[in-house]
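A.B. asks: Sending over a structure as structure tokens; questions will come in a sec.
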Amino acid sequence: EPEVTQTPSHQVTQMGQEVILRCVPISNHLYFYWYRQILGQKVEFLVSFYNNEISEKSEIFDDQFSVERPDGSNFTLKIRSTKLEDSAMYFCASSFLAGEDADTQYFGPGTRLTVL
Amino acid sequence: KNEVEQSPQNLTAQEGEFITINCSYSVGISALHWLQQHPGGGIVSLFMLSSGKKKHGRLIATINIQEKHSSLHITASHPRDSAVYICAFQGAQKLVFGQGTRLTINP
């Protein structure tokens, strides 16, 4: 069965460093998402991406964050200058449809980001 | 302000018991999702529903759109059902998550 994959599974970085989290969505999906979950808290939406542009973003997704689909398979989340509070599990997800006709979102296993 | 409220936050039961987890939301929605988060952190979609009831194995999800309420039921619960169960409503381009219900089934 197709699945969403994410790399790395765990990333440790120093405050102020740039990190890139990578995701390979399911191949025929059109909508891509990043969510994060701070330890002990609920899952929060960061950004959605469709047709090579951001379709919606949350207040969390400030200028320090960017997303890119550099080729036909990868979907990346970049944090330019990490802060301690960026430490969280980051989940990538994808779906074929969204909005009123939305269908199931499939989640990757997550990348645990630790900022020291 | 929480747009999605789940109850209970924690639930411990004995193997074989019938489990009910409740979800209330405050806005009009097109669909509601139930997801399972494993102890290792992975998230799996269980149901997406916009009306009525859906059943998959021992899991049943119901929704009442007028009441803005959904329930997830587990029949004949088993220790392997131990996980966090999360409801989330479908926004335009995103899911809005509840806090989750931590379920522990003891043998």
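Chain identifiers are assigned as A, B, and so on, following the order in which chains appear in the structure tokens; residues are numbered from 1 within each chain, and ligands are numbered from 1 in order of appearance.
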Report as JSON lines the residues of chain B within 8 Å of chain A, each with its shortest atom pair and distance in Å (one decimal), using only C-alpha atoms, ordered by chain and increasing residue number.
C.D. replies:
```
{"residue": "B:Ser30", "atom": "CA", "partner": "A:Glu100", "partner_atom": "CA", "distance": 6.2}
{"residue": "B:Gly41", "atom": "CA", "partner": "A:Pro109", "partner_atom": "CA", "distance": 7.2}
{"residue": "B:Gly42", "atom": "CA", "partner": "A:Pro109", "partner_atom": "CA", "distance": 4.9}
{"residue": "B:Ile43", "atom": "CA", "partner": "A:Phe107", "partner_atom": "CA", "distance": 6.1}
{"residue": "B:Val44", "atom": "CA", "partner": "A:Phe107", "partner_atom": "CA", "distance": 6.7}
{"residue": "B:Ser45", "atom": "CA", "partner": "A:Tyr106", "partner_atom": "CA", "distance": 6.9}
{"residue": "B:Met48", "atom": "CA", "partner": "A:Thr104", "partner_atom": "CA", "distance": 6.6}
{"residue": "B:Gln90", "atom": "CA", "partner": "A:Gly99", "partner_atom": "CA", "distance": 7.6}
{"residue": "B:Gly91", "atom": "CA", "partner": "A:Gly99", "partner_atom": "CA", "distance": 6.8}
{"residue": "B:Ala92", "atom": "CA", "partner": "A:Gly99", "partner_atom": "CA", "distance": 4.3}
{"residue": "B:Gln93", "atom": "CA", "partner": "A:Gly99", "partner_atom": "CA", "distance": 5.6}
{"residue": "B:Lys94", "atom": "CA", "partner": "A:Phe45", "partner_atom": "CA", "distance": 6.7}
{"residue": "B:Leu95", "atom": "CA", "partner": "A:Phe45", "partner_atom": "CA", "distance": 6.9}
{"residue": "B:Val96", "atom": "CA", "partner": "A:Phe45", "partner_atom": "CA", "distance": 7.0}
{"residue": "B:Phe97", "atom": "CA", "partner": "A:Val43", "partner_atom": "CA", "distance": 6.0}
{"residue": "B:Gly98", "atom": "CA", "partner": "A:Lys42", "partner_atom": "CA", "distance": 6.5}
{"residue": "B:Gln99", "atom": "CA", "partner": "A:Lys42", "partner_atom": "CA", "distance": 4.8}
{"residue": "B:Gly100", "atom": "CA", "partner": "A:Lys42", "partner_atom": "CA", "distance": 7.1}
```
A.B. asks: Can you tell me, as a list of chain:residue names, what residues are no more than 10 Å from B:His38 when counting only C-alpha atoms, ignoring any on the same chain fewer than 5 positions away?
C.D. replies: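 Everything that qualifies: B:Ile43, B:Val44, B:Arg80, B:Asp81, B:Ser82, B:Ala83, B:Val84, B:Tyr85.
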A.B. asks: I need the chosen residues saved as a compact mmCIF listing (two decimals), in the first residue's frame, with C-alpha atoms.
C.D. replies:
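Below is the file selection.txt, written as the result:
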```
# COMPACT_ATOMS: atom_id res chain seq x y z
CA ILE B 43 -0.91 8.93 12.92
CA VAL B 44 -3.35 6.72 11.04
CA ARG B 80 -3.74 -3.49 21.13
CA ASP B 81 -6.41 -0.75 20.91
CA SER B 82 -4.37 1.25 23.43
CA ALA B 83 -3.47 4.51 21.69
CA VAL B 84 -4.47 8.17 21.49
CA TYR B 85 -7.65 8.72 19.51
```
A.B. asks: To test your reading of the structure, identify every residue in chain A that backbone DSSP assigns to strand (DSSP E or B), and report it as a PyMOL selection string.
C.D. replies: chain A and resi 5-7+10-13+19-24+31-37+44-50+53-57+65-68+75-79+88-95+106-107+111-115
A.B. asks: Would you mind listing what lies within 7 Å of B:Gln9 as an MDAnalysis selection string, with only C-alpha atoms counted and same-chain residues fewer than 3 positions away left out?
C.D. replies: chainID B and resid 6 100:102
A.B. asks: If you keep N, CA, C and O atoms, can you produce a file of those selected residues as a short mmCIF file (atom, residue, chain, number, x, y, z; two decimals), in the first residue's frame?
C.D. replies:
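This went into out22.cif:
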```cif
data_model
loop_
_atom_site.label_atom_id
_atom_site.label_comp_id
_atom_site.auth_asym_id
_atom_site.auth_seq_id
_atom_site.Cartn_x
_atom_site.Cartn_y
_atom_site.Cartn_z
N GLN B 6 -12.69 17.06 23.08
CA GLN B 6 -12.87 15.62 23.21
C GLN B 6 -13.05 15.25 24.68
O GLN B 6 -12.49 15.90 25.57
N GLY B 100 -7.17 14.95 21.74
CA GLY B 100 -6.96 13.51 21.79
C GLY B 100 -7.46 12.89 23.09
O GLY B 100 -7.54 13.56 24.12
N THR B 101 -7.78 11.64 23.02
CA THR B 101 -8.17 10.83 24.17
C THR B 101 -7.20 9.67 24.28
O THR B 101 -7.07 8.88 23.34
N ARG B 102 -6.52 9.61 25.42
CA ARG B 102 -5.57 8.52 25.63
C ARG B 102 -6.31 7.31 26.18
O ARG B 102 -6.84 7.35 27.29
#
```
A.B. asks: Mind checking which residues fall within 10 Å of B:Thr20, counting only C-alpha atoms, ignoring those fewer than 6 positions away in the same chain, and posting them as number ranges by chain?
C.D. replies: B: 7-8, 11, 60-61, 71-75
A.B. asks: For the residues in that selection, give me all heavy atoms as a PDB file, in the first residue's frame.
C.D. replies:
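What landed in part.pdb:
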```pdb
ATOM      1  N   SER B   7     -13.814  14.210  24.899  1.00  0.00           N
ATOM      2  CA  SER B   7     -13.943  13.672  26.252  1.00  0.00           C
ATOM      3  C   SER B   7     -14.112  12.162  26.190  1.00  0.00           C
ATOM      4  O   SER B   7     -14.718  11.644  25.242  1.00  0.00           O
ATOM      5  CB  SER B   7     -15.141  14.307  26.971  1.00  0.00           C
ATOM      6  OG  SER B   7     -16.343  13.985  26.291  1.00  0.00           O
ATOM      7  N   PRO B   8     -13.567  11.421  27.172  1.00  0.00           N
ATOM      8  CA  PRO B   8     -12.688  11.965  28.216  1.00  0.00           C
ATOM      9  C   PRO B   8     -11.286  12.226  27.659  1.00  0.00           C
ATOM     10  O   PRO B   8     -10.983  11.835  26.545  1.00  0.00           O
ATOM     11  CB  PRO B   8     -12.698  10.845  29.250  1.00  0.00           C
ATOM     12  CG  PRO B   8     -12.826   9.605  28.420  1.00  0.00           C
ATOM     13  CD  PRO B   8     -13.725   9.967  27.268  1.00  0.00           C
ATOM     14  N   LEU B  11      -8.803   7.499  29.359  1.00  0.00           N
ATOM     15  CA  LEU B  11      -9.763   6.436  29.589  1.00  0.00           C
ATOM     16  C   LEU B  11      -9.010   5.131  29.769  1.00  0.00           C
ATOM     17  O   LEU B  11      -8.231   4.744  28.903  1.00  0.00           O
ATOM     18  CB  LEU B  11     -10.738   6.347  28.419  1.00  0.00           C
ATOM     19  CG  LEU B  11     -11.802   5.264  28.443  1.00  0.00           C
ATOM     20  CD1 LEU B  11     -12.658   5.364  29.686  1.00  0.00           C
ATOM     21  CD2 LEU B  11     -12.693   5.375  27.199  1.00  0.00           C
ATOM     22  N   ILE B  60     -16.673   1.823  15.345  1.00  0.00           N
ATOM     23  CA  ILE B  60     -17.861   2.460  14.789  1.00  0.00           C
ATOM     24  C   ILE B  60     -17.756   3.950  15.065  1.00  0.00           C
ATOM     25  O   ILE B  60     -17.455   4.353  16.189  1.00  0.00           O
ATOM     26  CB  ILE B  60     -19.150   1.931  15.447  1.00  0.00           C
ATOM     27  CG1 ILE B  60     -19.246   0.412  15.300  1.00  0.00           C
ATOM     28  CG2 ILE B  60     -20.388   2.602  14.841  1.00  0.00           C
ATOM     29  CD1 ILE B  60     -20.277  -0.216  16.221  1.00  0.00           C
ATOM     30  N   ALA B  61     -18.000   4.764  14.052  1.00  0.00           N
ATOM     31  CA  ALA B  61     -18.011   6.217  14.231  1.00  0.00           C
ATOM     32  C   ALA B  61     -19.373   6.741  13.821  1.00  0.00           C
ATOM     33  O   ALA B  61     -19.936   6.300  12.815  1.00  0.00           O
ATOM     34  CB  ALA B  61     -16.909   6.868  13.408  1.00  0.00           C
ATOM     35  N   SER B  71     -19.081  10.536  17.861  1.00  0.00           N
ATOM     36  CA  SER B  71     -18.588   9.546  18.810  1.00  0.00           C
ATOM     37  C   SER B  71     -17.825   8.463  18.072  1.00  0.00           C
ATOM     38  O   SER B  71     -18.160   8.123  16.932  1.00  0.00           O
ATOM     39  CB  SER B  71     -19.736   8.901  19.588  1.00  0.00           C
ATOM     40  OG  SER B  71     -20.369   9.828  20.433  1.00  0.00           O
ATOM     41  N   LEU B  72     -16.821   7.940  18.751  1.00  0.00           N
ATOM     42  CA  LEU B  72     -16.090   6.764  18.278  1.00  0.00           C
ATOM     43  C   LEU B  72     -16.319   5.663  19.301  1.00  0.00           C
ATOM     44  O   LEU B  72     -16.125   5.864  20.497  1.00  0.00           O
ATOM     45  CB  LEU B  72     -14.592   7.056  18.156  1.00  0.00           C
ATOM     46  CG  LEU B  72     -13.713   5.892  17.737  1.00  0.00           C
ATOM     47  CD1 LEU B  72     -13.986   5.508  16.281  1.00  0.00           C
ATOM     48  CD2 LEU B  72     -12.234   6.231  17.914  1.00  0.00           C
ATOM     49  N   HIS B  73     -16.781   4.510  18.818  1.00  0.00           N
ATOM     50  CA  HIS B  73     -17.021   3.376  19.688  1.00  0.00           C
ATOM     51  C   HIS B  73     -16.079   2.243  19.318  1.00  0.00           C
ATOM     52  O   HIS B  73     -15.793   2.026  18.126  1.00  0.00           O
ATOM     53  CB  HIS B  73     -18.466   2.871  19.543  1.00  0.00           C
ATOM     54  CG  HIS B  73     -19.501   3.925  19.759  1.00  0.00           C
ATOM     55  ND1 HIS B  73     -19.834   4.420  21.002  1.00  0.00           N
ATOM     56  CD2 HIS B  73     -20.278   4.591  18.865  1.00  0.00           C
ATOM     57  CE1 HIS B  73     -20.772   5.328  20.866  1.00  0.00           C
ATOM     58  NE2 HIS B  73     -21.069   5.459  19.582  1.00  0.00           N
ATOM     59  N   ILE B  74     -15.620   1.529  20.326  1.00  0.00           N
ATOM     60  CA  ILE B  74     -14.828   0.321  20.101  1.00  0.00           C
ATOM     61  C   ILE B  74     -15.532  -0.813  20.831  1.00  0.00           C
ATOM     62  O   ILE B  74     -15.755  -0.743  22.049  1.00  0.00           O
ATOM     63  CB  ILE B  74     -13.383   0.459  20.636  1.00  0.00           C
ATOM     64  CG1 ILE B  74     -12.707   1.688  20.023  1.00  0.00           C
ATOM     65  CG2 ILE B  74     -12.573  -0.802  20.310  1.00  0.00           C
ATOM     66  CD1 ILE B  74     -11.322   1.974  20.601  1.00  0.00           C
ATOM     67  N   THR B  75     -15.901  -1.843  20.082  1.00  0.00           N
ATOM     68  CA  THR B  75     -16.524  -3.004  20.703  1.00  0.00           C
ATOM     69  C   THR B  75     -15.449  -4.047  21.023  1.00  0.00           C
ATOM     70  O   THR B  75     -14.417  -4.115  20.343  1.00  0.00           O
ATOM     71  CB  THR B  75     -17.581  -3.626  19.778  1.00  0.00           C
ATOM     72  OG1 THR B  75     -16.929  -4.066  18.580  1.00  0.00           O
ATOM     73  CG2 THR B  75     -18.645  -2.606  19.398  1.00  0.00           C
TER      74      THR B  75
END
```
A.B. asks: Looking only at the backbone, which of the residues in chain A does DSSP tag as helix (DSSP H, G or I), as a PyMOL selection string?
C.D. replies: chain A and resi 84-86+99-101
A.B. asks: Kindly export the residues of the current selection with N, CA, C and O atoms, as an mmCIF file, in the first residue's frame.
C.D. replies:
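Writing the result to part.cif gives the following:
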```
data_model
loop_
_atom_site.group_PDB
_atom_site.id
_atom_site.type_symbol
_atom_site.label_atom_id
_atom_site.label_comp_id
_atom_site.auth_asym_id
_atom_site.auth_seq_id
_atom_site.Cartn_x
_atom_site.Cartn_y
_atom_site.Cartn_z
ATOM 1 N N LEU A 84 14.332 27.363 20.109
ATOM 2 C CA LEU A 84 14.058 26.273 21.046
ATOM 3 C C LEU A 84 12.612 25.797 20.914
ATOM 4 O O LEU A 84 12.347 24.589 20.969
ATOM 5 N N GLU A 85 11.704 26.744 20.724
ATOM 6 C CA GLU A 85 10.283 26.398 20.662
ATOM 7 C C GLU A 85 9.869 25.708 19.357
ATOM 8 O O GLU A 85 8.716 25.309 19.206
ATOM 9 N N ASP A 86 10.804 25.557 18.433
ATOM 10 C CA ASP A 86 10.516 24.779 17.222
ATOM 11 C C ASP A 86 10.660 23.277 17.469
ATOM 12 O O ASP A 86 10.323 22.468 16.598
ATOM 13 N N GLY A 99 -10.760 20.545 0.558
ATOM 14 C CA GLY A 99 -11.924 21.418 0.584
ATOM 15 C C GLY A 99 -13.207 20.653 0.782
ATOM 16 O O GLY A 99 -13.260 19.678 1.514
ATOM 17 N N GLU A 100 -14.256 21.078 0.085
ATOM 18 C CA GLU A 100 -15.591 20.477 0.239
ATOM 19 C C GLU A 100 -15.594 18.993 -0.141
ATOM 20 O O GLU A 100 -16.367 18.221 0.385
ATOM 21 N N ASP A 101 -14.757 18.629 -1.072
ATOM 22 C CA ASP A 101 -14.688 17.235 -1.537
ATOM 23 C C ASP A 101 -13.507 16.493 -0.934
ATOM 24 O O ASP A 101 -13.070 15.475 -1.477
#
```
A.B. asks: Just the residues within 9 Å of A:Ser27, please, counting only C-alpha atoms, with nothing from its chain fewer than 6 positions along; format it as JSON, numbers by chain.
C.D. replies: {"A": [2, 3, 4, 72, 73]}
A.B. asks: Go ahead and write the residues just picked, all heavy atoms, as a PDB file, in the first residue's frame.
C.D. replies:
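Full text of selection_14.pdb as output:
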```pdb
ATOM      1  N   PRO A   2       0.528   2.261  -0.819  1.00  0.00           N
ATOM      2  CA  PRO A   2       1.350   3.476  -0.860  1.00  0.00           C
ATOM      3  C   PRO A   2       1.397   4.142   0.507  1.00  0.00           C
ATOM      4  O   PRO A   2       0.421   4.093   1.261  1.00  0.00           O
ATOM      5  CB  PRO A   2       0.612   4.364  -1.862  1.00  0.00           C
ATOM      6  CG  PRO A   2      -0.281   3.479  -2.609  1.00  0.00           C
ATOM      7  CD  PRO A   2      -0.621   2.334  -1.731  1.00  0.00           C
ATOM      8  N   GLU A   3       2.524   4.777   0.800  1.00  0.00           N
ATOM      9  CA  GLU A   3       2.641   5.466   2.070  1.00  0.00           C
ATOM     10  C   GLU A   3       3.452   6.740   1.908  1.00  0.00           C
ATOM     11  O   GLU A   3       4.218   6.902   0.950  1.00  0.00           O
ATOM     12  CB  GLU A   3       3.289   4.559   3.119  1.00  0.00           C
ATOM     13  CG  GLU A   3       4.671   4.073   2.746  1.00  0.00           C
ATOM     14  CD  GLU A   3       5.260   3.133   3.797  1.00  0.00           C
ATOM     15  OE1 GLU A   3       4.524   2.636   4.657  1.00  0.00           O
ATOM     16  OE2 GLU A   3       6.486   2.930   3.739  1.00  0.00           O
ATOM     17  N   VAL A   4       3.266   7.639   2.867  1.00  0.00           N
ATOM     18  CA  VAL A   4       4.043   8.868   2.930  1.00  0.00           C
ATOM     19  C   VAL A   4       5.305   8.570   3.742  1.00  0.00           C
ATOM     20  O   VAL A   4       5.229   7.945   4.807  1.00  0.00           O
ATOM     21  CB  VAL A   4       3.222   9.990   3.618  1.00  0.00           C
ATOM     22  CG1 VAL A   4       4.058  11.256   3.744  1.00  0.00           C
ATOM     23  CG2 VAL A   4       1.927  10.262   2.852  1.00  0.00           C
ATOM     24  N   GLY A  72       9.312  16.203  -8.724  1.00  0.00           N
ATOM     25  CA  GLY A  72       7.991  15.586  -8.779  1.00  0.00           C
ATOM     26  C   GLY A  72       7.642  14.723  -7.599  1.00  0.00           C
ATOM     27  O   GLY A  72       6.507  14.267  -7.487  1.00  0.00           O
ATOM     28  N   SER A  73       8.598  14.500  -6.689  1.00  0.00           N
ATOM     29  CA  SER A  73       8.303  13.573  -5.608  1.00  0.00           C
ATOM     30  C   SER A  73       8.498  14.160  -4.215  1.00  0.00           C
ATOM     31  O   SER A  73       7.753  13.838  -3.300  1.00  0.00           O
ATOM     32  CB  SER A  73       9.134  12.302  -5.754  1.00  0.00           C
ATOM     33  OG  SER A  73      10.514  12.604  -5.757  1.00  0.00           O
TER      34      SER A  73
END
```
A.B. asks: Of the candidates B:Gln37, B:His78, B:Lys53, B:Cys87, which shows the shortest atom-to-atom distance to B:Ser24, using only C-alpha atoms?
C.D. replies: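 Closest to B:Ser24, using only C-alpha atoms: B:Cys87.
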A.B. asks: Atom CA of A:Cys92 to atom CA of B:His33: how many Å, to one decimal?
C.D. replies: 16.7 Å
A.B. asks: Figure out the distance between atom CA of A:Gln14 and atom CA of A:Thr82, please, to one decimal in Å.
C.D. replies: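 Pair atom CA of A:Thr82 / atom CA of A:Gln14 returns 7.5 Å.
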A.B. asks: Find the spatial neighbours of A:Asn74, counting only C-alpha atoms, within a cut-off of 6 Å - ignore same-chain residues fewer than 5 positions away - and output them as number ranges by chain.
C.D. replies: A: 23-24, 69
A.B. asks: Nearest to B:Ser50: which of B:Ile29, B:Val4, B:Ile21, B:Leu35 is it, counting only C-alpha atoms?
C.D. replies: B:Ile29
A.B. asks: Point out the residue among B:Leu46, B:Ile63, B:Ala76, B:Ile105 with the least atom-to-atom distance to B:Asn22, counting only C-alpha atoms.
C.D. replies: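 Looking only at the distances to B:Asn22, the closest residue turns out to be B:Ile63.
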